[in-house]
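Asks: Here you go, one structure.
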Amino acid sequence: MTTTSPATSSTETEQHGFKAHSDGGDAFVPVQTRSERFASTDVAAFPAVTGREPAWKYTPVAQLADLIDGELDGSEYSFEAPAVDGVAVAWVGRDDKRIGTAGTPENKAAANAWTAFEKALVISVTGEEEKTFRLHRTALGNTARAAHTVIEAAPHSRALVILENAGQAALTENIEIIVGDGAQLTVVSVQEWAEDARHLAEHFAEIGRDAKLKHVAVTLGGKIVRVNPSTHLGSQGADIESLGVYFADAHQHLEQHVYVDHDAENTRSRVSYKGALQGEGAHTVWIGDVLIRQTGTATDSYEENRNLVLSEGTRADSVPNLEIETGDIAGAGHASATGRFDDEQLFYLMARGIAEADARRLVVHGFLVEIIQRIGDAELGERIEAAIERELAAGDLQS
Amino acid sequence: MSDVLIDRPELDSLGVYEFGWSDSDAAGQSAKRGISKEVVANISNLKNEQDWMLQRRLKALQIFERKPMPAWGADLSAIDFDNIKYFVRSTEKQAQTWEDLPEDIKNTYEKLGIPEAERQRLVAGVAAQYESEVVYHQIREDLEQQGVIFLDTDTALREHPEFFEEYFGTVIPSGDNKFAALNTAVWSGGSFVYVPKGVHVEIPLQAYFRINTENMGQFERTLIIADEGSYVHYIEGCTAPIYKSDSLHSAVVEIIVKKNARVRYTTIQNWSTNVYNLVTKRAIAEEGATMEWIDGNIGSKVTMKYPSIYLTGEHAKGETLSVAFAGPGQHQDTGAKMIHMAPHTQSTILSKSIARGGGRAGYRGEVRVDANAHHSKNTVACDALLVDRISRSDTYPAIDIRVDDAELGHEATVTKVSEEQLFYLMSRGLEQDEAMAMIVRGFIEPIARELPMEYALELNKLIEMGMEGSVG
């Protein structure tokens with residue numbers, strides 16, 4: 001079960017992917033391409049985390065030692081998932097052949113989870129009819145735990161899969177998303193954890209020919225929450241729409257590393273993450289890596305991150321990286337913007353007789369709701385909107 | 001590789017001559033490779049430096065030895081620090097005749113259309129000095145009347161030590177990065193500029209105007225101080241591709257822009273394609289000051305250079321315009337940094353990159369807005385032009401906002417030169433090469449127009465030459 005990616009050659013040192021120079025000696029070459037990062041499912045293959053690694057430089061690693069290389073509970077956990085036709089849920093053993101097909105961990109915490117999980121939860125989608133499946137995890141508890149999930153959409157199947165997370169958690173996990181040829185899958189992961197929860201998640205997606213994945217990460221609650229969706233577009237016509245919404249309150253650290261790897265002809269990606277920050281010590285991190293390989297001809301790619309800063313004492317990091325190895329693309333670009341309220345909008349609303357506090361709320365709401373509406377599930381959308389309202393109201397009380 | 005690039009025993013004797021240093025022991029020293037306390041002490045000794053500078057160098061050497069190589073950026077694994085000669089001033093040799101120049105450099109001059117007289121000046125040190133002396137003196141007298149100091153850094157350290165005691169290493173401490181430490185340990189040459197309060201230097205200052213037989217070293221150190229309300233435009237003297245045999249060029253440029261002053265610093269870097277160009281450039285912009293970097297990177301094997309501006313005073317402004325061009329075998333890892341440390345500061349970064357023939361060009365940057373820098377604004381725009389299937393374009397911006405009312409925007413667009421564009425131009429009677437060159441000229445025009453005309457023309461020429469054979 002322990003695999004190491006082909007990128008790991010014998011000349012590779014164990015220093016987060018810095019390859020030893022072929023001449024030997026101590027000269028090393030920094031990782032030159034996103035796809036060359038060291039990857040392994042074995043926690044022992046990674047050196048101790050210092051906090052200076054590209055994967056960790058923005059993360060408060062001191063508060064995550066147990067998840068990064070401590071002992072983890074990898075047993076089955078309880079969840080709720082109302083039955084839906086065309087969606088099957090089952091625990092499977094580590095030898096299940098689907099495991100490891102969508103990606104390999106690139107950091108020690110993810111490898112720790114991979115090393116420690118005992119059973120993987122597989123959600124299998126079949127059938128061309130539209131359906132919505134919800135899975136709730138609310139009782140994971142405070143013990144450091146590993147989890148592994150596989151979401152598999154059969155060729156030409158369709159579904160909306162919603163993973164809802166609440167309650168206490170000290171969790172490091174890997175989620176593999178396998179989208180069969182021609183399938184159309186939406187996966188929404190909602191983090192509404194309790195205040196002291198810590199959650200590190202890697203989502204790996206492999207998208208089939210002419211298939212489409214819409215991936216949405218919504219993070220509102222938790223002390224430290226890091227959700228890193230990676231998508232490999234390795235088949236012609238594969239399409240990823242990667243969306244995210246986050247709202248960081250005082251002393252909350254919300255982080256996401258989005259990676260899209262264009263590795264086949266005519267692939268398309270759209271990445272859009274929007275976040276708001278409010279309160280002393282609120283910190284958000286968004287890293288968007290887009291790699292267009294030489295194989296990714298006629299790629300069409302765009303990524304953006306927008307942050308709205310609502311109070312002092314916050315910190316928003318935004319890093320939209322773009323690596324392009326061929327000139328034969330349809331288009332590529334990225335954008336990042338961080339700012340405060342649009343004073344004009346605010347002025348306009350207030351001129352209509354709306355009180356300032358309400359006007360501010362409306363502006364934030366409008367900013368974030370654009371992503372929420374793209375989830376395509378009214379019930380969930382309303383719940384998230386309500387949760388954002390509560391966050392904003394709490395902010396008003398503080399200030 | 002380093003053997004070919006650095007081993008130039010024929011220059012040892014020149015070194016002896018230039019320093020007026022005929023001691024045979026010292027001559028033996030000058031041939032020594034690698035870096036050590038003795039090497040550093042010897043450099044300082046040759047320059048008759050005061051003890052504090054020697055101590056500074058020795059401390060920097062310790063930092064250099066301790067610091068690891070950068071964990072990011074270009075592949076620098078071929079640099080062998082033990083195989084480099086650090087006696088920089090003497091290892092530079094200007095070719096004595098036109099024929100002495102390597103073939104590719106000669107071709108470049110031919111294509112640039114540099115006139116015969118100019119060639120003489122460029123290639124024959126003695127003649128050149130006679131040729132330009134009149135001009136030089138005129139400019140120098142004007143400047144001196146205004147109190148402007150414009151000297152090579154070694155001379156400036158001897159004649160005006162007070163500036164160095166106050167400012168040297170304050171903008172870029174030796175611990176900033178491994179290459180800044182290396183430079184601090186072995187620096188030689190470079191320019192020193194001081195512009196007094198309220199003085200506007202009307203003509204751009206160029207290293208070229210300076211009679212500097214030592215030429216610019218591998219590890220030059222430049223310090224520019226623009227006092228309150230002054231203005232100066234400094235142009236780094238790489239107007240034509242100076243033949244450079246060294247494998248490693250690691251300069252440090254420190255600039256202090258005082259209250260309401262403005263400094264513009266222009267570089268068109270065109271080192272030969274066997275040079276590792278690892279340069280640290282940083283400016284501090286005080287209250288109401290304006291700093292502008294105009295940075296063109298056309299030559300070198302690898303360039304890692306991110307001119308930065310620390311906006312430390314209220315209403316300070318920073319602007320960086322950057323063009324990177326990478327041909328076969330070249331990696332331009334260039335960019336900019338803007339650190340907003342005071343309220344109402346503004347900055348703009350415009351970066352244009354072109355890669356062809358398997359080259360790699362990109363933008364790497366950082367924008368930070370500190371918690372007290374309220375009402376600050378920044379925009380970054382990165383454009384890359386893709387012309388073939390095998391070249392590479394990267395964009396690595398990092399944006400860090402710690403205040404609630406800053407406005408920041410970053411945008412990158414990557415454009416492919418399309419068949420339609422080429423076809424359209426060719427249908428108007430242009431050859432394919434000309435059509436491609438025209439598209440590229442249009443692409444870099446926003447930056448080229450900020451340059452003095454002769455430099456803009458040259459930038460265009462250099463890029464056109466680099467683009468030759470890129471289509472078809």
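Residues are referred to by chain and number: the chain letter is A, B, ... according to the order shown in the structure tokens, the number counts from 1 in that chain, and ligands are numbered separately from 1 in the order shown.
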Show which residues sit within 8 Å of A:Ser189, as a count of residues only. Count only C-alpha atoms, and ignore same-chain residues fewer than 5 positions away.
Replies: 7
Asks: With only C-alpha atoms considered, list every residue of chain A at most 7 Å from chain B, as an MDAnalysis selection string.
Replies: chainID A and resid 21 27:31 309:328 331:340
Asks: Let me see the file: selected residues, C-alpha atoms, as a short mmCIF file (atom, residue, chain, number, x, y, z; two decimals), in the first residue's frame.
Replies:
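File written: again.cif
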```
data_model
loop_
_atom_site.label_atom_id
_atom_site.label_comp_id
_atom_site.auth_asym_id
_atom_site.auth_seq_id
_atom_site.Cartn_x
_atom_site.Cartn_y
_atom_site.Cartn_z
CA HIS A 21 22.43 17.21 -8.22
CA ALA A 27 24.54 20.66 -4.41
CA PHE A 28 20.80 20.52 -4.76
CA VAL A 29 18.31 21.89 -7.22
CA PRO A 30 15.14 23.54 -5.98
CA VAL A 31 11.96 21.98 -7.32
CA VAL A 309 -10.86 42.52 4.82
CA LEU A 310 -13.45 43.62 7.36
CA SER A 311 -11.38 44.66 10.32
CA GLU A 312 -7.86 45.41 11.53
CA GLY A 313 -5.54 42.77 12.89
CA THR A 314 -6.13 40.31 10.08
CA ARG A 315 -3.74 38.81 7.58
CA ALA A 316 -4.59 37.57 4.09
CA ASP A 317 -1.98 35.74 2.02
CA SER A 318 -2.78 35.19 -1.63
CA VAL A 319 -0.39 33.46 -4.00
CA PRO A 320 -1.67 32.68 -7.50
CA ASN A 321 1.18 30.78 -9.20
CA LEU A 322 1.21 29.90 -12.85
CA GLU A 323 3.66 27.61 -14.64
CA ILE A 324 3.29 27.21 -18.38
CA GLU A 325 5.46 24.83 -20.36
CA THR A 326 3.90 25.24 -23.78
CA GLY A 327 2.91 28.20 -25.88
CA ASP A 328 0.17 26.25 -27.56
CA GLY A 331 -5.60 31.00 -22.70
CA ALA A 332 -4.30 31.30 -19.19
CA GLY A 333 -4.47 33.94 -16.54
CA HIS A 334 -4.92 34.61 -12.91
CA ALA A 335 -5.99 37.38 -10.66
CA SER A 336 -5.85 38.17 -7.01
CA ALA A 337 -7.40 41.08 -5.24
CA THR A 338 -7.57 42.01 -1.62
CA GLY A 339 -9.41 45.02 -0.44
CA ARG A 340 -11.85 46.56 1.92
#
```
Asks: May I have the residues within 10 Å of A:Leu185 as an MDAnalysis selection string, using only C-alpha atoms and disregarding those fewer than 4 positions away in the same chain?
Replies: chainID A and resid 125 130 151:154 156:161 177:180 207 211:215 240
Asks: I'd like the contact shell of stretch 387-395 of chain A - 8 Å cut-off, only C-alpha atoms, skipping same-chain residues fewer than 3 positions apart - returned as a list in words.
Replies: Leu220, Phe247, Asp249, Gln278, Gly279, Arg361, His365, Arg383, Ile384, Gln398 and Ser399 of chain A
Asks: In Å, how far is it from atom CA of B:Gln346 to atom CA of B:Gly288?
Replies: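 Distance reported for this atom pair: 10.2 Å.
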Asks: Residues of stretch 255-284 of chain A in strand (DSSP E) according to DSSP, as a PDB file with C-alpha atoms, in the first residue's frame?
Replies:
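Produced file selection36.pdb, reproduced below:
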```pdb
ATOM      1  CA  GLU A 255      -5.838  27.831   4.419  1.00  0.00           C
ATOM      2  CA  GLN A 256      -6.205  26.306   0.982  1.00  0.00           C
ATOM      3  CA  HIS A 257      -3.700  25.194  -1.601  1.00  0.00           C
ATOM      4  CA  VAL A 258      -5.418  24.683  -4.926  1.00  0.00           C
ATOM      5  CA  TYR A 259      -3.418  22.843  -7.566  1.00  0.00           C
ATOM      6  CA  VAL A 260      -4.559  22.226 -11.131  1.00  0.00           C
ATOM      7  CA  ASP A 261      -2.330  20.103 -13.364  1.00  0.00           C
ATOM      8  CA  HIS A 262      -3.167  20.400 -17.085  1.00  0.00           C
ATOM      9  CA  ARG A 268     -10.163  23.497 -18.929  1.00  0.00           C
ATOM     10  CA  SER A 269      -9.940  24.921 -15.435  1.00  0.00           C
ATOM     11  CA  ARG A 270     -11.706  27.706 -13.613  1.00  0.00           C
ATOM     12  CA  VAL A 271     -10.651  28.434 -10.065  1.00  0.00           C
ATOM     13  CA  SER A 272     -12.439  31.035  -7.984  1.00  0.00           C
ATOM     14  CA  TYR A 273     -12.012  31.461  -4.235  1.00  0.00           C
ATOM     15  CA  LYS A 274     -13.495  34.268  -2.191  1.00  0.00           C
ATOM     16  CA  GLY A 275     -12.846  34.981   1.415  1.00  0.00           C
ATOM     17  CA  ALA A 276     -13.628  37.439   4.180  1.00  0.00           C
ATOM     18  CA  LEU A 277     -11.574  38.190   7.273  1.00  0.00           C
ATOM     19  CA  HIS A 283      -5.495  34.645   8.960  1.00  0.00           C
ATOM     20  CA  THR A 284      -6.352  33.245   5.549  1.00  0.00           C
TER      21      THR A 284
END
```
Asks: Can you tell me, as a list in words, which residues in stretch 419-449 of chain B count as alpha helix (DSSP H) by DSSP?
Replies: Glu419, Glu420, Gln421, Leu422, Phe423, Tyr424, Leu425, Met426, Ser427, Gln432, Asp433, Glu434, Ala435, Met436, Ala437, Met438, Ile439, Val440, Arg441, Gly442, Phe443, Ile444, Glu445, Pro446, Ile447 and Ala448 of chain B
Asks: Enter the distance from atom CA of A:Ala102 to atom CA of A:Thr33, in Å, rounded to one decimal.
Replies: 19.4 Å
Asks: How many Å lie between atom CA of B:Ile203 and atom CA of B:Val279, rounded to one decimal?
Replies: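 Calculated distance between atom CA of B:Ile203 and atom CA of B:Val279 is 25.6 Å.
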Asks: I'd like the contact shell of A:Val43 - 8 Å cut-off, only C-alpha atoms, skipping same-chain residues fewer than 2 positions apart - returned as a PyMOL selection string.
Replies: chain A and resi 40-41+45-46+69+108-112+114-115
Asks: Give me a file of those residues, with N, CA and C atoms, as a short mmCIF file (atom, residue, chain, number, x, y, z; two decimals), in the first residue's frame.
Replies:
```
data_model
loop_
_atom_site.label_atom_id
_atom_site.label_comp_id
_atom_site.auth_asym_id
_atom_site.auth_seq_id
_atom_site.Cartn_x
_atom_site.Cartn_y
_atom_site.Cartn_z
N SER A 40 4.82 10.95 -1.40
CA SER A 40 4.89 9.57 -0.90
C SER A 40 3.71 9.32 0.03
N THR A 41 3.26 8.06 0.06
CA THR A 41 2.18 7.71 0.99
C THR A 41 2.74 7.30 2.35
N ALA A 45 8.86 8.70 4.92
CA ALA A 45 9.65 9.18 3.77
C ALA A 45 9.85 10.69 3.80
N PHE A 46 9.06 11.39 4.64
CA PHE A 46 9.18 12.85 4.72
C PHE A 46 10.07 13.23 5.91
N ASP A 69 2.97 14.28 12.54
CA ASP A 69 3.70 13.01 12.66
C ASP A 69 3.43 12.26 13.96
N LYS A 108 3.80 15.78 4.91
CA LYS A 108 3.93 14.74 5.93
C LYS A 108 2.60 14.44 6.62
N ALA A 109 1.78 15.45 6.86
CA ALA A 109 0.51 15.20 7.55
C ALA A 109 -0.40 14.31 6.70
N ALA A 110 -0.40 14.57 5.39
CA ALA A 110 -1.23 13.76 4.51
C ALA A 110 -0.69 12.33 4.44
N ALA A 111 0.64 12.22 4.40
CA ALA A 111 1.25 10.88 4.38
C ALA A 111 0.97 10.16 5.70
N ASN A 112 0.96 10.93 6.80
CA ASN A 112 0.65 10.33 8.11
C ASN A 112 -0.75 9.73 8.10
N TRP A 114 -2.35 8.75 5.48
CA TRP A 114 -2.37 7.62 4.55
C TRP A 114 -1.77 6.37 5.20
N THR A 115 -0.73 6.61 5.97
CA THR A 115 -0.08 5.49 6.65
C THR A 115 -0.99 4.89 7.73
#
```
Asks: Show which residues sit within 8 Å of B:Gly34, as a ChimeraX atom specification. Count only C-alpha atoms, and ignore same-chain residues fewer than 4 positions away.
Replies: /B:81-86
Asks: Can you list, as a list in words, every protein, DNA or RNA residue that comes within 12 Å of A:Gln63 when you count only C-alpha atoms, leaving out same-chain residues fewer than 6 positions away?
Replies: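 After dropping sequence-adjacent residues, the list is Gly51, Asp69, Gly70, Ala170, Asp196, Ala197, Arg198, His199, Leu200, Lys223, Ile224, Val225 and His253 of chain A.
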Asks: Let me see the file: selected residues, C-alpha atoms, as a short mmCIF file (atom, residue, chain, number, x, y, z; two decimals), in the first residue's frame.
Replies:
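Output file part-v3.cif follows:
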```cif
data_model
loop_
_atom_site.label_atom_id
_atom_site.label_comp_id
_atom_site.auth_asym_id
_atom_site.auth_seq_id
_atom_site.Cartn_x
_atom_site.Cartn_y
_atom_site.Cartn_z
CA GLY A 51 7.61 25.19 8.89
CA ASP A 69 3.70 13.01 12.66
CA GLY A 70 1.97 11.83 15.81
CA ALA A 170 -8.40 16.70 15.20
CA ASP A 196 -11.16 24.42 18.67
CA ALA A 197 -11.17 21.92 15.78
CA ARG A 198 -8.07 21.29 13.68
CA HIS A 199 -8.46 19.77 10.23
CA LEU A 200 -5.93 19.06 7.47
CA LYS A 223 -9.36 26.83 14.72
CA ILE A 224 -7.01 25.66 11.97
CA VAL A 225 -8.55 24.32 8.78
CA HIS A 253 -6.44 30.12 10.48
#
```
